[in-house]
>>> print(open('final_18.cif').read())   # mmCIF, C-alpha atoms
data_query
loop_
_atom_site.label_atom_id
_atom_site.label_comp_id
_atom_site.auth_asym_id
_atom_site.auth_seq_id
_atom_site.Cartn_x
_atom_site.Cartn_y
_atom_site.Cartn_z
CA MET A 1 165.90 -101.07 196.34
CA ILE A 2 162.28 -101.32 197.36
CA GLN A 3 161.66 -103.06 200.65
CA ALA A 4 158.89 -105.67 200.81
CA SER A 5 157.21 -103.72 203.60
CA ASP A 6 157.09 -100.55 201.43
CA THR A 7 155.31 -102.19 198.52
CA LEU A 8 152.88 -103.84 200.92
CA SER A 9 151.90 -100.52 202.47
CA SER A 10 151.09 -98.59 199.28
CA PRO A 11 147.38 -97.58 199.11
CA ALA A 12 146.56 -99.52 195.93
CA ASN A 13 148.24 -102.56 197.37
CA PHE A 14 146.33 -102.12 200.62
CA ARG A 15 143.03 -102.28 198.78
CA SER A 16 143.88 -105.38 196.75
CA GLU A 17 145.40 -107.10 199.80
CA PHE A 18 142.36 -106.18 201.88
CA ALA A 19 140.05 -107.70 199.25
CA ARG A 20 142.19 -110.84 199.02
CA GLY A 21 142.19 -111.28 202.80
CA TYR A 22 138.44 -110.71 202.98
CA LEU A 23 137.72 -113.27 200.24
CA ILE A 24 140.08 -115.94 201.58
CA CYS A 25 138.48 -115.61 205.01
CA LEU A 26 134.92 -115.63 203.66
CA PRO A 27 134.20 -119.39 203.94
CA ILE A 28 135.54 -119.30 207.50
CA ALA A 29 133.45 -116.22 208.28
CA LEU A 30 130.39 -118.11 207.04
CA SER A 31 131.11 -121.02 209.36
CA VAL A 32 131.73 -118.63 212.26
CA ALA A 33 128.34 -117.05 211.46
CA LEU A 34 126.72 -120.31 212.61
CA PHE A 35 128.09 -119.71 216.10
CA GLY A 36 127.15 -116.06 215.82
CA MET A 37 123.54 -117.03 215.24
CA ILE A 38 123.58 -119.32 218.27
CA TYR A 39 125.06 -116.48 220.33
CA GLY A 40 122.37 -114.06 219.12
CA LEU A 41 119.66 -116.57 219.96
CA LEU A 42 120.99 -117.08 223.49
CA ALA A 43 121.41 -113.34 223.96
CA ALA A 44 117.74 -112.80 223.11
CA GLN A 45 116.74 -115.52 225.57
CA LYS A 46 118.81 -113.85 228.30
CA GLY A 47 116.94 -110.59 227.73
CA LEU A 48 119.62 -108.57 225.92
CA SER A 49 118.29 -106.04 223.40
CA LEU A 50 119.44 -106.20 219.77
CA VAL A 51 121.69 -103.17 220.34
CA GLU A 52 123.28 -104.78 223.40
CA ALA A 53 123.75 -108.18 221.73
CA VAL A 54 125.31 -106.79 218.54
CA GLY A 55 127.16 -104.07 220.47
CA MET A 56 128.93 -106.77 222.48
CA CYS A 57 130.05 -108.39 219.20
CA LEU A 58 131.47 -105.10 217.91
CA ILE A 59 133.22 -104.12 221.15
CA VAL A 60 134.36 -107.48 222.56
CA PHE A 61 134.67 -109.51 219.30
CA ALA A 62 135.50 -112.81 221.02
CA GLY A 63 133.16 -115.77 220.57
CA ALA A 64 134.03 -117.98 223.52
CA SER A 65 134.13 -114.99 225.87
CA GLN A 66 130.72 -113.74 224.78
CA LEU A 67 129.10 -117.17 225.17
CA LEU A 68 130.63 -117.45 228.64
CA ALA A 69 129.31 -113.99 229.51
CA LEU A 70 125.79 -115.15 228.63
CA GLU A 71 126.35 -118.25 230.75
CA LEU A 72 127.18 -116.03 233.75
CA TRP A 73 124.60 -113.37 232.85
CA SER A 74 122.72 -111.50 235.59
CA LEU A 75 121.11 -108.10 235.94
CA PRO A 76 122.99 -105.95 236.64
CA PRO A 77 125.84 -107.94 235.08
CA ALA A 78 128.88 -108.69 237.26
CA ALA A 79 131.15 -106.43 235.18
CA VAL A 80 134.38 -107.13 237.09
CA THR A 81 133.90 -110.91 237.13
CA LEU A 82 133.06 -110.89 233.42
CA ALA A 83 136.08 -108.73 232.58
CA ILE A 84 138.46 -111.04 234.49
CA ALA A 85 136.98 -114.12 232.78
CA VAL A 86 137.30 -112.49 229.35
CA PHE A 87 140.91 -111.46 230.03
CA ILE A 88 141.88 -115.01 231.02
CA ILE A 89 140.06 -116.62 228.08
CA ASN A 90 141.82 -114.25 225.67
CA LEU A 91 145.36 -114.63 227.01
CA ARG A 92 146.02 -116.83 223.98
CA TYR A 93 145.86 -113.66 221.85
CA LEU A 94 149.10 -112.54 223.55
CA MET A 95 150.94 -115.33 221.77
CA GLN A 96 149.07 -114.82 218.51
CA THR A 97 149.69 -111.09 218.09
CA ALA A 98 153.31 -111.65 219.15
CA THR A 99 153.72 -113.46 215.81
CA LEU A 100 152.19 -110.55 213.84
CA GLY A 101 155.26 -108.32 214.18
CA GLU A 102 156.37 -108.66 210.56
CA VAL A 103 152.86 -108.51 209.08
CA LEU A 104 151.94 -105.26 210.88
CA LYS A 105 155.41 -103.70 210.77
CA SER A 106 154.67 -101.10 208.08
CA TRP A 107 151.78 -99.67 210.12
CA GLY A 108 153.98 -98.72 213.07
CA ARG A 109 151.97 -97.72 216.13
CA PHE A 110 148.74 -98.03 214.17
CA GLY A 111 149.49 -101.77 214.01
CA LEU A 112 148.53 -101.95 217.69
CA VAL A 113 145.02 -100.81 216.73
CA ALA A 114 144.91 -103.54 214.09
CA THR A 115 145.56 -106.19 216.77
CA LEU A 116 142.18 -105.32 218.32
CA PHE A 117 140.67 -107.26 215.42
CA ASN A 118 142.75 -110.38 216.00
CA ALA A 119 140.77 -113.62 216.43
CA ASP A 120 141.82 -117.28 216.19
CA GLU A 121 140.54 -117.66 212.64
CA ASN A 122 141.86 -114.52 210.93
CA TRP A 123 145.18 -114.86 212.73
CA ALA A 124 145.47 -118.44 211.49
CA VAL A 125 144.62 -117.48 207.90
CA THR A 126 147.09 -114.58 207.98
CA MET A 127 149.93 -116.74 209.31
CA THR A 128 149.20 -119.44 206.72
CA GLU A 129 149.32 -116.93 203.83
CA HIS A 130 152.32 -115.12 205.30
CA GLN A 131 154.26 -118.36 205.22
CA LYS A 132 153.59 -118.79 201.48
CA ALA A 133 154.43 -115.17 200.61
CA PRO A 134 154.79 -112.18 202.98
CA VAL A 135 151.54 -110.27 203.55
CA GLY A 136 150.94 -106.84 205.09
CA PRO A 137 148.36 -105.05 207.23
CA GLY A 138 145.92 -104.96 204.30
CA PHE A 139 145.59 -108.71 204.20
CA PHE A 140 145.27 -108.95 207.97
CA MET A 141 142.58 -106.26 208.13
CA GLY A 142 140.68 -107.81 205.20
CA SER A 143 140.55 -111.23 206.85
CA ALA A 144 139.66 -109.58 210.18
CA MET A 145 136.82 -107.54 208.68
CA ALA A 146 135.35 -110.66 207.04
CA LEU A 147 135.10 -112.24 210.44
CA TYR A 148 134.03 -109.04 212.23
CA SER A 149 131.19 -108.25 209.82
CA PHE A 150 129.84 -111.81 209.72
CA TRP A 151 130.15 -112.23 213.49
CA ALA A 152 128.13 -109.10 214.27
CA GLY A 153 125.67 -109.66 211.41
CA SER A 154 124.93 -113.26 212.29
CA ALA A 155 124.40 -112.33 215.94
CA GLY A 156 121.75 -109.86 214.81
CA ILE A 157 120.07 -112.50 212.65
CA GLY A 158 120.16 -115.01 215.52
CA TRP A 159 118.62 -112.41 217.85
CA LEU A 160 115.83 -111.70 215.37
CA ALA A 161 115.22 -115.42 214.72
CA GLY A 162 114.28 -115.76 218.39
CA GLY A 163 112.76 -119.14 219.15
CA ILE A 164 113.79 -121.03 216.00
CA ALA A 165 116.69 -123.11 217.31
CA PRO A 166 118.18 -125.42 214.68
CA ASP A 167 119.68 -128.73 215.81
CA ALA A 168 123.14 -127.81 214.55
CA GLU A 169 124.87 -130.90 215.99
CA LYS A 170 122.65 -133.33 214.08
CA TYR A 171 123.66 -131.89 210.72
CA GLY A 172 127.35 -131.98 211.44
CA LEU A 173 127.61 -128.21 211.76
CA GLY A 174 129.41 -128.47 215.11
CA PHE A 175 132.33 -130.02 213.22
CA VAL A 176 132.91 -126.93 211.07
CA GLY A 177 135.19 -125.21 213.60
CA THR A 178 137.40 -128.29 213.86
CA ALA A 179 137.45 -128.74 210.08
CA VAL A 180 138.63 -125.14 209.53
CA PHE A 181 141.72 -125.73 211.67
CA LEU A 182 142.40 -129.17 210.18
CA PHE A 183 142.36 -127.52 206.75
CA LEU A 184 144.74 -124.77 207.89
CA LEU A 185 146.99 -127.29 209.59
CA GLN A 186 147.23 -129.33 206.40
CA GLY A 187 148.19 -126.23 204.44
CA LEU A 188 150.75 -125.09 206.99
CA ALA A 189 152.53 -128.33 207.81
CA LYS A 190 154.79 -128.76 204.80
CA LYS A 191 158.03 -129.54 206.59
CA LYS A 192 158.88 -132.58 208.70
CA SER A 193 159.96 -130.21 211.47
CA ASP A 194 156.33 -129.06 211.89
CA LEU A 195 155.28 -132.51 213.07
CA LEU A 196 156.75 -132.23 216.58
CA PRO A 197 155.07 -128.91 217.52
CA ILE A 198 151.78 -130.25 216.11
CA LEU A 199 151.88 -133.53 218.03
CA VAL A 200 153.08 -131.99 221.30
CA GLY A 201 150.62 -129.11 220.94
CA ALA A 202 147.70 -131.48 220.32
CA ALA A 203 148.65 -133.84 223.17
CA ALA A 204 149.14 -131.00 225.67
CA ALA A 205 145.86 -129.37 224.62
CA ILE A 206 143.93 -132.64 224.99
CA ALA A 207 145.37 -133.20 228.48
CA ALA A 208 144.78 -129.56 229.47
CA ALA A 209 141.19 -129.60 228.20
CA LYS A 210 140.49 -132.52 230.55
CA LEU A 211 142.17 -130.91 233.59
CA VAL A 212 141.60 -127.15 233.28
CA PRO A 213 138.32 -125.34 232.60
CA GLY A 214 137.81 -122.71 229.88
CA THR A 215 140.09 -122.15 226.90
CA TRP A 216 143.42 -122.53 228.73
CA PHE A 217 144.07 -125.62 226.62
CA ILE A 218 144.79 -123.42 223.56
CA LEU A 219 147.46 -121.41 225.38
CA ILE A 220 148.95 -124.50 227.07
CA GLY A 221 149.02 -126.53 223.84
CA GLY A 222 150.45 -123.60 221.88
CA LEU A 223 153.18 -123.01 224.44
CA ALA A 224 154.12 -126.68 224.85
CA GLY A 225 154.17 -127.38 221.10
CA SER A 226 156.14 -124.29 220.12
CA LEU A 227 158.68 -124.77 222.92
CA ALA A 228 159.12 -128.41 221.85
CA GLY A 229 159.80 -127.24 218.29
CA LEU A 230 162.29 -124.63 219.53
CA ALA A 231 164.04 -127.12 221.84
CA ARG A 232 164.55 -129.59 219.03
CA GLU A 233 165.86 -126.85 216.74
CA LEU A 234 168.40 -125.72 219.36
CA LEU A 235 169.50 -129.28 220.17
CA GLY A 236 169.82 -130.04 216.45
CA LYS A 237 172.15 -127.05 215.96
CA GLN A 238 174.30 -128.16 218.88
CA THR A 239 174.84 -131.68 217.62
CA HIS A 240 175.59 -130.47 214.09
CA ALA A 241 178.14 -127.91 215.29
CA MET B 242 109.19 -106.10 227.60
CA ARG B 243 112.30 -104.29 226.37
CA ASN B 244 112.70 -102.62 222.99
CA TRP B 245 115.30 -103.78 220.46
CA TYR B 246 117.16 -100.48 220.82
CA ASP B 247 117.24 -100.42 224.66
CA LEU B 248 120.62 -99.92 226.26
CA ASP B 249 120.79 -100.61 229.98
CA PRO B 250 123.61 -98.55 231.55
CA THR B 251 124.84 -101.47 233.70
CA ILE B 252 124.96 -103.71 230.62
CA ALA B 253 126.81 -101.01 228.67
CA VAL B 254 129.42 -100.77 231.45
CA ALA B 255 129.82 -104.58 231.51
CA ILE B 256 130.28 -104.71 227.72
CA LEU B 257 132.89 -101.93 227.83
CA ALA B 258 134.74 -103.69 230.67
CA MET B 259 134.76 -106.92 228.65
CA GLY B 260 135.96 -104.97 225.61
CA VAL B 261 138.95 -103.59 227.51
CA ALA B 262 139.70 -107.05 228.93
CA ALA B 263 139.69 -108.55 225.42
CA ALA B 264 141.83 -105.72 224.02
CA LEU B 265 144.68 -105.99 226.54
CA PRO B 266 146.07 -109.39 225.46
CA ARG B 267 145.64 -108.46 221.79
CA ILE B 268 147.66 -105.26 222.05
CA GLY B 269 149.96 -106.80 224.66
CA GLY B 270 151.40 -109.52 222.44
CA LEU B 271 152.58 -107.19 219.68
CA LEU B 272 153.70 -104.53 222.19
CA LEU B 273 155.76 -107.14 224.03
CA VAL B 274 157.70 -108.39 220.98
CA ARG B 275 158.24 -104.83 219.78
CA SER B 276 159.61 -103.66 223.13
CA ILE B 277 161.87 -106.69 223.51
CA GLY B 278 163.13 -106.26 219.96
CA PRO B 279 164.01 -108.91 217.39
CA SER B 280 166.28 -111.75 218.43
CA PRO B 281 167.10 -115.00 216.61
CA LEU B 282 165.90 -117.07 219.58
CA MET B 283 162.50 -115.39 219.76
CA GLU B 284 162.02 -115.54 216.00
CA ALA B 285 162.83 -119.25 216.04
CA TRP B 286 160.30 -119.77 218.82
CA LEU B 287 157.54 -117.70 217.18
CA ARG B 288 157.93 -119.70 213.96
CA HIS B 289 156.71 -122.80 215.81
CA VAL B 290 153.70 -121.07 217.38
CA PRO B 291 151.23 -121.37 214.44
CA PRO B 292 151.42 -125.17 213.89
CA ALA B 293 151.35 -125.85 217.64
CA MET B 294 148.41 -123.54 218.26
CA PHE B 295 146.38 -124.68 215.23
CA ALA B 296 146.69 -128.24 216.57
CA ALA B 297 145.86 -127.16 220.12
CA ILE B 298 142.68 -125.38 219.01
CA CYS B 299 141.14 -128.37 217.20
CA ALA B 300 142.55 -131.48 218.95
CA PRO B 301 140.36 -131.58 222.12
CA ALA B 302 137.12 -131.04 220.15
CA LEU B 303 138.17 -133.76 217.71
CA ILE B 304 138.85 -136.29 220.50
CA LYS B 305 135.44 -135.54 222.02
CA GLY B 306 133.72 -135.81 218.62
CA GLY B 307 133.72 -139.61 218.45
CA PRO B 308 134.10 -141.97 215.44
CA ALA B 309 131.96 -139.88 213.06
CA GLU B 310 134.24 -136.86 213.50
CA TRP B 311 137.42 -138.97 213.42
CA ILE B 312 136.50 -140.35 210.01
CA ALA B 313 135.37 -136.88 208.91
CA ALA B 314 138.75 -135.51 210.02
CA LEU B 315 140.51 -137.91 207.64
CA VAL B 316 138.14 -136.86 204.84
CA THR B 317 138.84 -133.19 205.68
CA LEU B 318 142.62 -133.66 205.54
CA LEU B 319 142.34 -135.59 202.28
CA ALA B 320 140.05 -132.96 200.70
CA ALA B 321 142.41 -130.21 201.85
CA ARG B 322 145.40 -132.02 200.35
CA LEU B 323 143.77 -132.85 197.03
CA GLY B 324 141.74 -129.71 196.39
CA GLY B 325 143.17 -127.05 198.65
CA ASN B 326 139.86 -125.18 198.52
CA LEU B 327 138.40 -124.27 201.92
CA ALA B 328 134.72 -124.02 200.95
CA ILE B 329 134.72 -127.40 199.19
CA THR B 330 136.64 -128.98 202.06
CA LEU B 331 134.11 -127.68 204.61
CA ILE B 332 131.19 -129.01 202.56
CA CYS B 333 132.88 -132.45 202.38
CA ALA B 334 133.49 -132.31 206.14
CA ILE B 335 129.90 -131.40 207.03
CA ALA B 336 128.45 -133.97 204.60
CA THR B 337 130.63 -136.73 206.07
CA VAL B 338 129.64 -135.99 209.67
CA ALA B 339 125.94 -135.63 208.80
CA GLY B 340 126.01 -138.86 206.77
CA LEU B 341 127.83 -140.84 209.45
CA ARG B 342 125.58 -139.46 212.23
CA ALA B 343 122.57 -140.70 210.23
CA ILE B 344 124.08 -144.21 209.90
CA LEU B 345 125.96 -144.72 213.19
#
>>> encode(input="final_18.cif", output="structure tokens")
Amino acid sequence: MIQASDTLSSPANFRSEFARGYLICLPIALSVALFGMIYGLLAAQKGLSLVEAVGMCLIVFAGASQLLALELWSLPPAAVTLAIAVFIINLRYLMQTATLGEVLKSWGRFGLVATLFNADENWAVTMTEHQKAPVGPGFFMGSAMALYSFWAGSAGIGWLAGGIAPDAEKYGLGFVGTAVFLFLLQGLAKKKSDLLPILVGAAAAIAAAKLVPGTWFILIGGLAGSLAGLARELLGKQTHA
Amino acid sequence: MRNWYDLDPTIAVAILAMGVAAALPRIGGLLLVRSIGPSPLMEAWLRHVPPAMFAAICAPALIKGGPAEWIAALVTLLAARLGGNLAITLICAIATVAGLRAIL
């Protein structure tokens, strides 16, 4: 019998899965490109060269972290402070890549390299698709490369655009990031049992965003919501037994 | 004035340090579950991570967004449910916020 992971790792399948992941992630990559342009613009204002601004996108590949780095920018940059801040902001990726075990299984150790391209958006798209029908590393890398290419490309465009700063808020463009996750949430939440982790996760994140600086609210909300879902599942089993 | 291709060594070091700092949690999550090994409890927990984290990512921004974004959120959910197409949903979402911002 052919295992699902074997068929997913064949080269022809990799290519078609990669293309599917790239295309599904394309609208999201376009919306992320808006933030990439803002980042590129700010980077130019802070005196980074095009190579430095785009290089940071290719090596760090983390939007919130890069914007924070520009916020704290100095010359020479405080490398240790920046690295610690980036590490803390990205702790949420620990929980995200922990859920990629099945998706990246067929790649073995090479799967660890694939996790370097994990970001909120491509992780979310991959998990959503994986729930409908199992996907492999091809899909994950396709969705990741959509984001990666648009993120670096848009930063370059923003850097070149220089002084032309569009009033993104006025045209509702600031809402795009929220809308992407509302869309994904709608697609994911099919079962009644998803409601508790969603509500607890949202409530905990809202409270955490008020009390704690940075992006801790994502990790706190994710932990609280998922543990609430697990607790209810365990209690449910006990009462039924 | 600096050239577009300039690369300051101190900036290069800072970018590399940030790159390593961003890589550790990414590799760490998968490494952790692989080293612990599969267990029914962990799998049950990880199943609840996506819905909780999707909600956590967008909820605070939505609360801060005010009435225009709250109404737009309902439109977004409705468009997602009816059409299921991301690009169309995003266009509906942006149009609603822009329209409401112009009126409100």
>>> residues_near_point(input="final_18.cif", point="(154.6, -107.8, 219.0)", cutoff="12 Å", atoms="only C-alpha atoms", output="JSON list (two decimals) with C-alpha atoms, in the coordinates of the input")
[["chain", "number", "residue", "atom", "x", "y", "z"],
["A", 93, "TYR", "CA", 145.86, -113.66, 221.85],
["A", 94, "LEU", "CA", 149.10, -112.54, 223.55],
["A", 95, "MET", "CA", 150.94, -115.33, 221.77],
["A", 96, "GLN", "CA", 149.07, -114.82, 218.51],
["A", 97, "THR", "CA", 149.69, -111.09, 218.09],
["A", 98, "ALA", "CA", 153.31, -111.65, 219.15],
["A", 99, "THR", "CA", 153.72, -113.46, 215.81],
["A", 100, "LEU", "CA", 152.19, -110.55, 213.84],
["A", 101, "GLY", "CA", 155.26, -108.32, 214.18],
["A", 102, "GLU", "CA", 156.37, -108.66, 210.56],
["A", 103, "VAL", "CA", 152.86, -108.51, 209.08],
["A", 104, "LEU", "CA", 151.94, -105.26, 210.88],
["A", 105, "LYS", "CA", 155.41, -103.70, 210.77],
["A", 108, "GLY", "CA", 153.98, -98.72, 213.07],
["A", 109, "ARG", "CA", 151.97, -97.72, 216.13],
["A", 111, "GLY", "CA", 149.49, -101.77, 214.01],
["A", 112, "LEU", "CA", 148.53, -101.95, 217.69],
["A", 114, "ALA", "CA", 144.91, -103.54, 214.09],
["A", 115, "THR", "CA", 145.56, -106.19, 216.77],
["B", 266, "PRO", "CA", 146.07, -109.39, 225.46],
["B", 267, "ARG", "CA", 145.64, -108.46, 221.79],
["B", 268, "ILE", "CA", 147.66, -105.26, 222.05],
["B", 269, "GLY", "CA", 149.96, -106.80, 224.66],
["B", 270, "GLY", "CA", 151.40, -109.52, 222.44],
["B", 271, "LEU", "CA", 152.58, -107.19, 219.68],
["B", 272, "LEU", "CA", 153.70, -104.53, 222.19],
["B", 273, "LEU", "CA", 155.76, -107.14, 224.03],
["B", 274, "VAL", "CA", 157.70, -108.39, 220.98],
["B", 275, "ARG", "CA", 158.24, -104.83, 219.78],
["B", 276, "SER", "CA", 159.61, -103.66, 223.13],
["B", 277, "ILE", "CA", 161.87, -106.69, 223.51],
["B", 278, "GLY", "CA", 163.13, -106.26, 219.96],
["B", 279, "PRO", "CA", 164.01, -108.91, 217.39],
["B", 283, "MET", "CA", 162.50, -115.39, 219.76],
["B", 284, "GLU", "CA", 162.02, -115.54, 216.00],
["B", 287, "LEU", "CA", 157.54, -117.70, 217.18]]
>>> residues_around(input="final_18.cif", residues="Leu219 (chain A)", least_positions_apart="2", cutoff="12 Å", atoms="only C-alpha atoms", output="ChimeraX atom specification")
/A:88-96,120,201-202,204-206,208-209,212,214-217,221-227 /B:290-291,293-298
>>> write_last_selection(input="final_18.cif", atoms="C-alpha atoms", output="mmCIF file, in the frame of the given file")
data_model
loop_
_atom_site.group_PDB
_atom_site.id
_atom_site.type_symbol
_atom_site.label_atom_id
_atom_site.label_comp_id
_atom_site.auth_asym_id
_atom_site.auth_seq_id
_atom_site.Cartn_x
_atom_site.Cartn_y
_atom_site.Cartn_z
ATOM 1 C CA ILE A 88 141.880 -115.010 231.020
ATOM 2 C CA ILE A 89 140.060 -116.620 228.080
ATOM 3 C CA ASN A 90 141.820 -114.250 225.670
ATOM 4 C CA LEU A 91 145.360 -114.630 227.010
ATOM 5 C CA ARG A 92 146.020 -116.830 223.980
ATOM 6 C CA TYR A 93 145.860 -113.660 221.850
ATOM 7 C CA LEU A 94 149.100 -112.540 223.550
ATOM 8 C CA MET A 95 150.940 -115.330 221.770
ATOM 9 C CA GLN A 96 149.070 -114.820 218.510
ATOM 10 C CA ASP A 120 141.820 -117.280 216.190
ATOM 11 C CA GLY A 201 150.620 -129.110 220.940
ATOM 12 C CA ALA A 202 147.700 -131.480 220.320
ATOM 13 C CA ALA A 204 149.140 -131.000 225.670
ATOM 14 C CA ALA A 205 145.860 -129.370 224.620
ATOM 15 C CA ILE A 206 143.930 -132.640 224.990
ATOM 16 C CA ALA A 208 144.780 -129.560 229.470
ATOM 17 C CA ALA A 209 141.190 -129.600 228.200
ATOM 18 C CA VAL A 212 141.600 -127.150 233.280
ATOM 19 C CA GLY A 214 137.810 -122.710 229.880
ATOM 20 C CA THR A 215 140.090 -122.150 226.900
ATOM 21 C CA TRP A 216 143.420 -122.530 228.730
ATOM 22 C CA PHE A 217 144.070 -125.620 226.620
ATOM 23 C CA GLY A 221 149.020 -126.530 223.840
ATOM 24 C CA GLY A 222 150.450 -123.600 221.880
ATOM 25 C CA LEU A 223 153.180 -123.010 224.440
ATOM 26 C CA ALA A 224 154.120 -126.680 224.850
ATOM 27 C CA GLY A 225 154.170 -127.380 221.100
ATOM 28 C CA SER A 226 156.140 -124.290 220.120
ATOM 29 C CA LEU A 227 158.680 -124.770 222.920
ATOM 30 C CA VAL B 290 153.700 -121.070 217.380
ATOM 31 C CA PRO B 291 151.230 -121.370 214.440
ATOM 32 C CA ALA B 293 151.350 -125.850 217.640
ATOM 33 C CA MET B 294 148.410 -123.540 218.260
ATOM 34 C CA PHE B 295 146.380 -124.680 215.230
ATOM 35 C CA ALA B 296 146.690 -128.240 216.570
ATOM 36 C CA ALA B 297 145.860 -127.160 220.120
ATOM 37 C CA ILE B 298 142.680 -125.380 219.010
#
>>> atom_distance(input="final_18.cif", atom1="CA of Leu196 (chain A)", atom2="CA of Gly229 (chain A)")
6.1 Å
>>> resolve_selection(input="final_18.cif", expression="the PyMOL selection byres ((chain B and resi 319-332) around 12)", output="PDB file with C-alpha atoms, in the frame of the given file")
ATOM      1  CA  LEU A  23     137.720-113.270 200.240  1.00  0.00           C
ATOM      2  CA  ILE A  24     140.080-115.940 201.580  1.00  0.00           C
ATOM      3  CA  CYS A  25     138.480-115.610 205.010  1.00  0.00           C
ATOM      4  CA  LEU A  26     134.920-115.630 203.660  1.00  0.00           C
ATOM      5  CA  PRO A  27     134.200-119.390 203.940  1.00  0.00           C
ATOM      6  CA  ILE A  28     135.540-119.300 207.500  1.00  0.00           C
ATOM      7  CA  ALA A  29     133.450-116.220 208.280  1.00  0.00           C
ATOM      8  CA  LEU A  30     130.390-118.110 207.040  1.00  0.00           C
ATOM      9  CA  SER A  31     131.110-121.020 209.360  1.00  0.00           C
ATOM     10  CA  VAL A 125     144.620-117.480 207.900  1.00  0.00           C
ATOM     11  CA  TYR A 171     123.660-131.890 210.720  1.00  0.00           C
ATOM     12  CA  GLY A 172     127.350-131.980 211.440  1.00  0.00           C
ATOM     13  CA  LEU A 173     127.610-128.210 211.760  1.00  0.00           C
ATOM     14  CA  GLY A 174     129.410-128.470 215.110  1.00  0.00           C
ATOM     15  CA  PHE A 175     132.330-130.020 213.220  1.00  0.00           C
ATOM     16  CA  VAL A 176     132.910-126.930 211.070  1.00  0.00           C
ATOM     17  CA  GLY A 177     135.190-125.210 213.600  1.00  0.00           C
ATOM     18  CA  THR A 178     137.400-128.290 213.860  1.00  0.00           C
ATOM     19  CA  ALA A 179     137.450-128.740 210.080  1.00  0.00           C
ATOM     20  CA  VAL A 180     138.630-125.140 209.530  1.00  0.00           C
ATOM     21  CA  PHE A 181     141.720-125.730 211.670  1.00  0.00           C
ATOM     22  CA  LEU A 182     142.400-129.170 210.180  1.00  0.00           C
ATOM     23  CA  PHE A 183     142.360-127.520 206.750  1.00  0.00           C
ATOM     24  CA  LEU A 184     144.740-124.770 207.890  1.00  0.00           C
ATOM     25  CA  LEU A 185     146.990-127.290 209.590  1.00  0.00           C
ATOM     26  CA  GLN A 186     147.230-129.330 206.400  1.00  0.00           C
ATOM     27  CA  GLY A 187     148.190-126.230 204.440  1.00  0.00           C
ATOM     28  CA  LEU A 188     150.750-125.090 206.990  1.00  0.00           C
ATOM     29  CA  ALA A 189     152.530-128.330 207.810  1.00  0.00           C
ATOM     30  CA  LYS A 190     154.790-128.760 204.800  1.00  0.00           C
TER      31      LYS A 190
ATOM     32  CA  ILE B 312     136.500-140.350 210.010  1.00  0.00           C
ATOM     33  CA  ALA B 313     135.370-136.880 208.910  1.00  0.00           C
ATOM     34  CA  ALA B 314     138.750-135.510 210.020  1.00  0.00           C
ATOM     35  CA  LEU B 315     140.510-137.910 207.640  1.00  0.00           C
ATOM     36  CA  VAL B 316     138.140-136.860 204.840  1.00  0.00           C
ATOM     37  CA  THR B 317     138.840-133.190 205.680  1.00  0.00           C
ATOM     38  CA  LEU B 318     142.620-133.660 205.540  1.00  0.00           C
ATOM     39  CA  CYS B 333     132.880-132.450 202.380  1.00  0.00           C
ATOM     40  CA  ALA B 334     133.490-132.310 206.140  1.00  0.00           C
ATOM     41  CA  ILE B 335     129.900-131.400 207.030  1.00  0.00           C
ATOM     42  CA  ALA B 336     128.450-133.970 204.600  1.00  0.00           C
ATOM     43  CA  THR B 337     130.630-136.730 206.070  1.00  0.00           C
ATOM     44  CA  VAL B 338     129.640-135.990 209.670  1.00  0.00           C
ATOM     45  CA  ALA B 339     125.940-135.630 208.800  1.00  0.00           C
ATOM     46  CA  GLY B 340     126.010-138.860 206.770  1.00  0.00           C
TER      47      GLY B 340
END
>>> atom_distance(input="final_18.cif", atom1="CA of Ala285 (chain B)", atom2="CA of Gln131 (chain A)")
13.8 Å
>>> resolve_selection(input="final_18.cif", expression="the PyMOL selection byres ((chain A and resi 160) around 12)", output="list in words")
Met37, Ile38, Tyr39, Gly40, Leu41, Leu42, Ala43, Ala44, Gln45, Leu48, Ser49, Leu50, Val51, Ala53, Val54, Gly153, Ser154, Ala155, Gly156, Ile157, Gly158, Trp159, Ala161, Gly162, Gly163, Ile164 and Ala165 of chain A; Trp245 of chain B
>>> write_last_selection(input="final_18.cif", atoms="C-alpha atoms", output="short mmCIF file (atom, residue, chain, number, x, y, z; two decimals), in the coordinates of the input")
data_model
loop_
_atom_site.label_atom_id
_atom_site.label_comp_id
_atom_site.auth_asym_id
_atom_site.auth_seq_id
_atom_site.Cartn_x
_atom_site.Cartn_y
_atom_site.Cartn_z
CA MET A 37 123.54 -117.03 215.24
CA ILE A 38 123.58 -119.32 218.27
CA TYR A 39 125.06 -116.48 220.33
CA GLY A 40 122.37 -114.06 219.12
CA LEU A 41 119.66 -116.57 219.96
CA LEU A 42 120.99 -117.08 223.49
CA ALA A 43 121.41 -113.34 223.96
CA ALA A 44 117.74 -112.80 223.11
CA GLN A 45 116.74 -115.52 225.57
CA LEU A 48 119.62 -108.57 225.92
CA SER A 49 118.29 -106.04 223.40
CA LEU A 50 119.44 -106.20 219.77
CA VAL A 51 121.69 -103.17 220.34
CA ALA A 53 123.75 -108.18 221.73
CA VAL A 54 125.31 -106.79 218.54
CA GLY A 153 125.67 -109.66 211.41
CA SER A 154 124.93 -113.26 212.29
CA ALA A 155 124.40 -112.33 215.94
CA GLY A 156 121.75 -109.86 214.81
CA ILE A 157 120.07 -112.50 212.65
CA GLY A 158 120.16 -115.01 215.52
CA TRP A 159 118.62 -112.41 217.85
CA ALA A 161 115.22 -115.42 214.72
CA GLY A 162 114.28 -115.76 218.39
CA GLY A 163 112.76 -119.14 219.15
CA ILE A 164 113.79 -121.03 216.00
CA ALA A 165 116.69 -123.11 217.31
CA TRP B 245 115.30 -103.78 220.46
#
